[in-house]
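This is model-v9.pdb. It holds PDB, C-alpha atoms.
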ATOM      1  CA  MET U  12      48.108 -52.304 -15.190
ATOM      2  CA  GLU U  13      46.698 -48.917 -16.090
ATOM      3  CA  ASN U  14      46.601 -47.456 -19.556
ATOM      4  CA  LYS U  15      49.586 -45.140 -18.992
ATOM      5  CA  LEU U  16      50.657 -43.543 -22.242
ATOM      6  CA  GLY U  17      52.525 -40.754 -20.511
ATOM      7  CA  LEU U  18      55.887 -39.283 -21.378
ATOM      8  CA  ASP U  19      57.683 -42.203 -19.775
ATOM      9  CA  PHE U  20      56.295 -44.425 -22.542
ATOM     10  CA  ILE U  21      58.827 -42.943 -24.969
ATOM     11  CA  ALA U  22      61.665 -43.391 -22.482
ATOM     12  CA  ARG U  23      60.642 -47.030 -21.987
ATOM     13  CA  SER U  24      60.413 -47.558 -25.755
ATOM     14  CA  ILE U  25      63.914 -46.114 -26.172
ATOM     15  CA  LYS U  26      65.230 -48.379 -23.426
ATOM     16  CA  THR U  27      63.602 -51.461 -24.995
ATOM     17  CA  THR U  28      64.969 -50.520 -28.422
ATOM     18  CA  SER U  29      68.474 -50.125 -26.999
ATOM     19  CA  ILE U  30      68.320 -53.599 -25.474
ATOM     20  CA  VAL U  31      66.951 -55.071 -28.717
ATOM     21  CA  LEU U  32      69.692 -53.279 -30.676
ATOM     22  CA  VAL U  33      72.423 -54.853 -28.554
ATOM     23  CA  ILE U  34      70.837 -58.288 -29.083
ATOM     24  CA  VAL U  35      70.444 -57.632 -32.821
ATOM     25  CA  LEU U  36      74.080 -56.505 -33.030
ATOM     26  CA  SER U  37      75.373 -59.638 -31.369
ATOM     27  CA  PHE U  38      73.207 -61.956 -33.505
ATOM     28  CA  GLY U  39      73.914 -59.887 -36.622
ATOM     29  CA  LEU U  40      77.661 -60.141 -36.094
ATOM     30  CA  MET U  41      77.260 -63.901 -35.854
ATOM     31  CA  TYR U  42      74.867 -64.515 -38.754
ATOM     32  CA  LEU U  43      74.961 -61.498 -41.111
ATOM     33  CA  GLY U  44      78.539 -60.306 -40.972
ATOM     34  CA  VAL U  45      80.264 -57.248 -39.577
ATOM     35  CA  TYR U  46      79.059 -54.510 -41.930
ATOM     36  CA  PRO U  47      75.364 -55.480 -42.150
ATOM     37  CA  ALA U  48      75.250 -55.840 -38.365
ATOM     38  CA  LEU U  49      76.946 -52.485 -37.893
ATOM     39  CA  ALA U  50      74.571 -50.926 -40.446
ATOM     40  CA  LEU U  51      71.560 -52.282 -38.533
ATOM     41  CA  PHE U  52      73.013 -51.041 -35.273
ATOM     42  CA  SER U  53      73.920 -47.597 -36.650
ATOM     43  CA  GLY U  54      70.462 -47.175 -38.191
ATOM     44  CA  GLY U  55      68.877 -48.173 -34.909
ATOM     45  CA  VAL U  56      71.043 -45.808 -32.873
ATOM     46  CA  TRP U  57      70.217 -43.014 -35.304
ATOM     47  CA  GLY U  58      66.486 -43.736 -34.962
ATOM     48  CA  VAL U  59      66.721 -43.806 -31.169
ATOM     49  CA  LEU U  60      68.657 -40.522 -31.073
ATOM     50  CA  ASN U  61      66.169 -38.938 -33.478
ATOM     51  CA  LEU U  62      63.211 -39.936 -31.305
ATOM     52  CA  MET U  63      65.035 -38.874 -28.158
ATOM     53  CA  PHE U  64      65.862 -35.418 -29.479
ATOM     54  CA  LEU U  65      62.351 -34.997 -30.896
ATOM     55  CA  SER U  66      60.880 -35.907 -27.535
ATOM     56  CA  ILE U  67      63.172 -33.576 -25.571
ATOM     57  CA  LEU U  68      62.574 -30.770 -28.053
ATOM     58  CA  VAL U  69      58.787 -31.081 -27.786
ATOM     59  CA  GLN U  70      58.942 -31.289 -24.005
ATOM     60  CA  GLN U  71      61.182 -28.238 -23.804
ATOM     61  CA  THR U  72      59.186 -26.086 -26.202
ATOM     62  CA  ILE U  73      55.630 -27.078 -25.315
ATOM     63  CA  LYS U  74      55.385 -26.595 -21.584
ATOM     64  CA  PRO U  75      53.793 -24.137 -19.229
ATOM     65  CA  GLY U  76      56.114 -21.456 -17.899
ATOM     66  CA  GLU U  77      59.277 -19.965 -19.277
ATOM     67  CA  ILE U  78      61.211 -21.703 -22.024
ATOM     68  CA  ASN U  79      64.991 -22.024 -21.814
ATOM     69  CA  LYS U  80      65.835 -20.536 -25.213
ATOM     70  CA  ALA U  81      69.516 -21.465 -25.128
ATOM     71  CA  LYS U  82      68.665 -25.108 -24.449
ATOM     72  CA  VAL U  83      66.059 -25.168 -27.222
ATOM     73  CA  ALA U  84      68.526 -23.577 -29.656
ATOM     74  CA  LEU U  85      71.172 -26.137 -28.723
ATOM     75  CA  LEU U  86      68.682 -28.995 -29.201
ATOM     76  CA  LEU U  87      67.648 -27.597 -32.578
ATOM     77  CA  MET U  88      71.300 -27.306 -33.607
ATOM     78  CA  VAL U  89      71.985 -30.891 -32.622
ATOM     79  CA  LYS U  90      68.859 -32.460 -34.091
ATOM     80  CA  PHE U  91      68.498 -30.692 -37.381
ATOM     81  CA  PRO U  92      71.935 -30.074 -38.823
ATOM     82  CA  LEU U  93      74.118 -32.533 -36.891
ATOM     83  CA  LEU U  94      71.902 -35.600 -36.573
ATOM     84  CA  TYR U  95      70.580 -35.282 -40.115
ATOM     85  CA  ALA U  96      74.092 -34.776 -41.470
ATOM     86  CA  ALA U  97      75.206 -37.901 -39.620
ATOM     87  CA  GLY U  98      72.265 -39.816 -41.134
ATOM     88  CA  TYR U  99      73.109 -38.547 -44.599
ATOM     89  CA  ALA U 100      76.757 -39.526 -44.118
ATOM     90  CA  LEU U 101      75.688 -43.017 -43.055
ATOM     91  CA  LEU U 102      73.511 -43.297 -46.160
ATOM     92  CA  VAL U 103      75.997 -42.100 -48.747
ATOM     93  CA  ILE U 104      79.107 -43.949 -47.599
ATOM     94  CA  ASP U 105      79.493 -47.196 -49.467
ATOM     95  CA  VAL U 106      80.388 -49.245 -46.396
ATOM     96  CA  PHE U 107      76.849 -49.739 -45.120
ATOM     97  CA  ASP U 108      73.954 -51.282 -47.042
ATOM     98  CA  GLN U 109      71.079 -48.801 -47.107
ATOM     99  CA  LEU U 110      68.454 -51.493 -46.572
ATOM    100  CA  PHE U 111      70.054 -52.558 -43.299
ATOM    101  CA  LEU U 112      70.220 -48.918 -42.221
ATOM    102  CA  VAL U 113      66.500 -48.549 -42.953
ATOM    103  CA  ALA U 114      65.753 -51.758 -41.067
ATOM    104  CA  GLY U 115      67.682 -50.463 -38.056
ATOM    105  CA  PHE U 116      66.013 -47.075 -38.244
ATOM    106  CA  SER U 117      62.580 -48.730 -38.337
ATOM    107  CA  LEU U 118      63.279 -50.826 -35.253
ATOM    108  CA  VAL U 119      62.257 -48.127 -32.778
ATOM    109  CA  LEU U 120      59.003 -47.558 -34.676
ATOM    110  CA  VAL U 121      58.281 -51.289 -34.773
ATOM    111  CA  ILE U 122      58.875 -51.510 -31.029
ATOM    112  CA  ILE U 123      56.513 -48.600 -30.359
ATOM    113  CA  VAL U 124      53.802 -50.257 -32.472
ATOM    114  CA  LEU U 125      54.318 -53.623 -30.762
ATOM    115  CA  LYS U 126      54.248 -52.035 -27.300
ATOM    116  CA  VAL U 127      50.998 -50.217 -28.090
ATOM    117  CA  VAL U 128      49.414 -53.316 -29.648
ATOM    118  CA  GLY U 129      50.516 -55.474 -26.722
ATOM    119  CA  ARG U 130      49.187 -52.942 -24.242
ATOM    120  CA  ALA U 131      45.836 -52.729 -26.061
ATOM    121  CA  MET U 132      45.533 -56.511 -26.230
ATOM    122  CA  PHE U 133      46.494 -56.949 -22.575
ATOM    123  CA  LEU U 134      44.089 -54.251 -21.411
ATOM    124  CA  ASP U 135      41.248 -55.688 -23.544
ATOM    125  CA  GLN U 136      41.954 -59.128 -22.116
ATOM    126  CA  LYS U 137      41.995 -57.741 -18.575
ATOM    127  CA  LYS U 138      38.732 -55.854 -19.152
ATOM    128  CA  SER U 139      36.980 -58.923 -20.550
ATOM    129  CA  ASP U 140      38.279 -61.029 -17.624
ATOM    130  CA  THR U 141      36.984 -58.440 -15.151
ATOM    131  CA  ASN U 142      33.576 -58.357 -16.895
ATOM    132  CA  ARG U 143      33.391 -62.148 -16.852
ATOM    133  CA  LEU U 144      34.243 -62.231 -13.147
ATOM    134  CA  GLN U 145      31.622 -59.569 -12.401
ATOM    135  CA  GLU U 146      28.987 -61.498 -14.387
ATOM    136  CA  ALA U 147      29.893 -64.743 -12.592
ATOM    137  CA  GLY U 148      29.999 -63.106  -9.149
TER     138      GLY U 148
ATOM    139  CA  MET H  29      62.327 -40.474 -72.769
ATOM    140  CA  ASP H  30      64.437 -43.284 -71.318
ATOM    141  CA  TRP H  31      64.059 -44.718 -67.801
ATOM    142  CA  LYS H  32      66.985 -42.725 -66.432
ATOM    143  CA  ALA H  33      65.419 -39.459 -67.472
ATOM    144  CA  MET H  34      62.086 -40.530 -65.989
ATOM    145  CA  LEU H  35      63.811 -41.505 -62.747
ATOM    146  CA  ALA H  36      65.743 -38.251 -62.637
ATOM    147  CA  PHE H  37      62.470 -36.369 -63.039
ATOM    148  CA  SER H  38      60.290 -38.375 -60.676
ATOM    149  CA  ALA H  39      62.661 -39.041 -57.753
ATOM    150  CA  PRO H  40      63.089 -35.405 -56.617
ATOM    151  CA  LEU H  41      59.382 -34.851 -57.262
ATOM    152  CA  ALA H  42      58.577 -37.734 -54.905
ATOM    153  CA  VAL H  43      60.797 -36.265 -52.179
ATOM    154  CA  GLY H  44      59.122 -32.893 -52.592
ATOM    155  CA  LEU H  45      55.638 -34.397 -52.422
ATOM    156  CA  ALA H  46      56.581 -36.429 -49.351
ATOM    157  CA  ALA H  47      57.988 -33.328 -47.659
ATOM    158  CA  ILE H  48      54.806 -31.381 -48.410
ATOM    159  CA  GLY H  49      52.647 -34.218 -47.084
ATOM    160  CA  SER H  50      54.741 -34.600 -43.956
ATOM    161  CA  GLY H  51      54.772 -30.873 -43.334
ATOM    162  CA  LEU H  52      50.994 -30.727 -43.590
ATOM    163  CA  GLY H  53      50.639 -33.814 -41.401
ATOM    164  CA  ILE H  54      52.953 -32.577 -38.659
ATOM    165  CA  GLY H  55      51.365 -29.134 -38.787
ATOM    166  CA  LYS H  56      47.885 -30.614 -38.368
ATOM    167  CA  ALA H  57      49.045 -32.965 -35.598
ATOM    168  CA  VAL H  58      50.799 -30.259 -33.607
ATOM    169  CA  GLY H  59      47.933 -27.802 -34.102
ATOM    170  CA  SER H  60      45.388 -30.322 -32.878
ATOM    171  CA  ALA H  61      47.625 -31.283 -29.946
ATOM    172  CA  MET H  62      47.928 -27.628 -28.940
ATOM    173  CA  GLU H  63      44.151 -27.229 -29.028
ATOM    174  CA  ALA H  64      43.692 -30.406 -27.010
ATOM    175  CA  MET H  65      46.275 -29.323 -24.424
ATOM    176  CA  GLY H  66      44.612 -25.928 -24.161
ATOM    177  CA  ARG H  67      41.279 -27.610 -23.484
ATOM    178  CA  GLN H  68      42.639 -30.261 -21.130
ATOM    179  CA  PRO H  69      45.929 -29.147 -19.554
ATOM    180  CA  GLU H  70      45.811 -32.075 -17.122
ATOM    181  CA  ALA H  71      46.145 -34.496 -20.054
ATOM    182  CA  ALA H  72      49.124 -32.642 -21.539
ATOM    183  CA  GLY H  73      51.551 -35.518 -20.902
ATOM    184  CA  LYS H  74      49.455 -38.070 -22.773
ATOM    185  CA  ILE H  75      48.757 -35.650 -25.621
ATOM    186  CA  GLN H  76      52.462 -34.789 -25.920
ATOM    187  CA  THR H  77      53.367 -38.476 -26.061
ATOM    188  CA  ALA H  78      50.829 -39.177 -28.780
ATOM    189  CA  MET H  79      52.038 -36.112 -30.675
ATOM    190  CA  ILE H  80      55.708 -37.110 -30.425
ATOM    191  CA  ILE H  81      54.966 -40.641 -31.628
ATOM    192  CA  GLY H  82      52.837 -39.294 -34.482
ATOM    193  CA  ALA H  83      55.543 -36.816 -35.453
ATOM    194  CA  ALA H  84      58.182 -39.571 -35.386
ATOM    195  CA  PHE H  85      56.088 -41.741 -37.706
ATOM    196  CA  ILE H  86      55.378 -38.877 -40.096
ATOM    197  CA  GLU H  87      59.063 -37.918 -40.106
ATOM    198  CA  ALA H  88      59.992 -41.543 -40.762
ATOM    199  CA  LEU H  89      57.875 -41.576 -43.921
ATOM    200  CA  THR H  90      59.800 -38.626 -45.338
ATOM    201  CA  ILE H  91      63.094 -40.263 -44.384
ATOM    202  CA  TYR H  92      62.024 -43.453 -46.202
ATOM    203  CA  VAL H  93      61.269 -41.447 -49.326
ATOM    204  CA  PHE H  94      64.615 -39.680 -49.009
ATOM    205  CA  ILE H  95      66.415 -43.028 -48.726
ATOM    206  CA  VAL H  96      64.578 -44.314 -51.796
ATOM    207  CA  PHE H  97      65.663 -41.120 -53.557
ATOM    208  CA  ILE H  98      69.301 -41.733 -52.630
ATOM    209  CA  MET H  99      69.031 -45.335 -53.841
ATOM    210  CA  ALA H 100      67.442 -44.186 -57.089
ATOM    211  CA  ASN H 101      70.114 -41.535 -57.429
ATOM    212  CA  GLY H 102      72.735 -44.249 -57.087
ATOM    213  CA  LYS H 103      71.107 -46.138 -59.980
ATOM    214  CA  LEU H 104      71.340 -43.025 -62.149
ATOM    215  CA  GLY H 105      75.103 -43.075 -61.710
TER     216      GLY H 105
END

Please, can you express the file's structure as structure tokens?
Amino acid sequence: MENKLGLDFIARSIKTTSIVLVIVLSFGLMYLGVYPALALFSGGVWGVLNLMFLSILVQQTIKPGEINKAKVALLLMVKFPLLYAAGYALLVIDVFDQLFLVAGFSLVLVIIVLKVVGRAMFLDQKKSDTNRLQEAG
Amino acid sequence: MDWKAMLAFSAPLAVGLAAIGSGLGIGKAVGSAMEAMGRQPEAAGKIQTAMIIGAAFIEALTIYVFIVFIMANGKLG
């Protein structure tokens, strides 16, 4: 396993978060109730969309060659007014508990941290195993 | 000065300070990433990934402060 922290890392993190969100939603519906579970899920979906749009925006704007201005403008329109307005609407309506929304929003960040920590630990372990084998051989 | 007045004064101030801090942080991160990509174009993918993750974390901090502001605002009634 190489230390690949390329652009696909974000796509994989988003995929993992989506799977975890579905699991959290099903367990949340069972143990927390409908509205807390939906708040967790909505916060998580918002966080995933935010990261996704940020990633696409950076990839579209910072690249060699010509930039598709219409696409960048569309992405900016979606991320900054629309997504943020949706987040604000989620926060101010009384249906969802804000703490559950925050917990859901943080899920994608937690998964990124755990993936990086796991990768670092696994690579360190693999390196030390390789060194031990080389010393023994 | 009662606690409501103190809260009404400090909550928007906290959001403003967080926004300033985040703006400076993202600016520094993106600037450094641009320099790094200019020096090593072959590592642009890795640098972009690190920059996106950093930007997401910095943005999250401001969003947390904003949520705390909305919660505090709710307490003010």

Shortest interatomic distance to H:Trp31 - which of H:Ala61, H:Ile80, H:Ala88, H:Leu104, counting all atoms listed in the file =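 Nearest candidate to H:Trp31 out of H:Ala61, H:Ile80, H:Ala88, H:Leu104: H:Leu104.
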
Starting from chain H, keep only residues with some atom at most 12 Å from an atom of chain U, counting all atoms listed in the file, and report them as a PyMOL selection string.
-> chain H and resi 58-59+61-62+65-66+69-89+91-102

Enter the distance from atom CA of H:Gly53 to atom CA of U:Val128, in Å, rounded to one decimal.
->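 Between atom CA of H:Gly53 and atom CA of U:Val128 the gap is 22.8 Å.
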
How many Å separate atom CA of U:Lys126 from atom CA of U:Ser37?
->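 Atom-to-atom, atom CA of U:Lys126 to atom CA of U:Ser37, that is 22.8 Å.
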
Step by step, gather every atom of stretch 34-44 of chain H that the file lists, find the box along x, y and z that holds them, add 4 Å on each side, and finally give centre and edge lengths in Å to one decimal, as AutoDock Vina command-line options.
--center_x 62.2 --center_y -37.2 --center_z -59.1 --size_x 15.2 --size_y 16.6 --size_z 21.8

Calculate how many Å separate atom CA of U:Asp135 from atom CA of U:Arg23, rounding to one decimal.
->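 It comes out at 21.3 Å.
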
Counting all atoms listed in the file, which of U:Leu43, U:Ala50, U:Thr28, U:Met132 gets nearest to U:Ile104?
-> U:Ala50

May I ask which of the residues H:Ala46, H:Met29, H:Ala64, H:Met34 is the closest one to H:Thr90, counting only C-alpha atoms?
->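 Residue with the minimum atom-to-atom distance to H:Thr90: H:Ala46.
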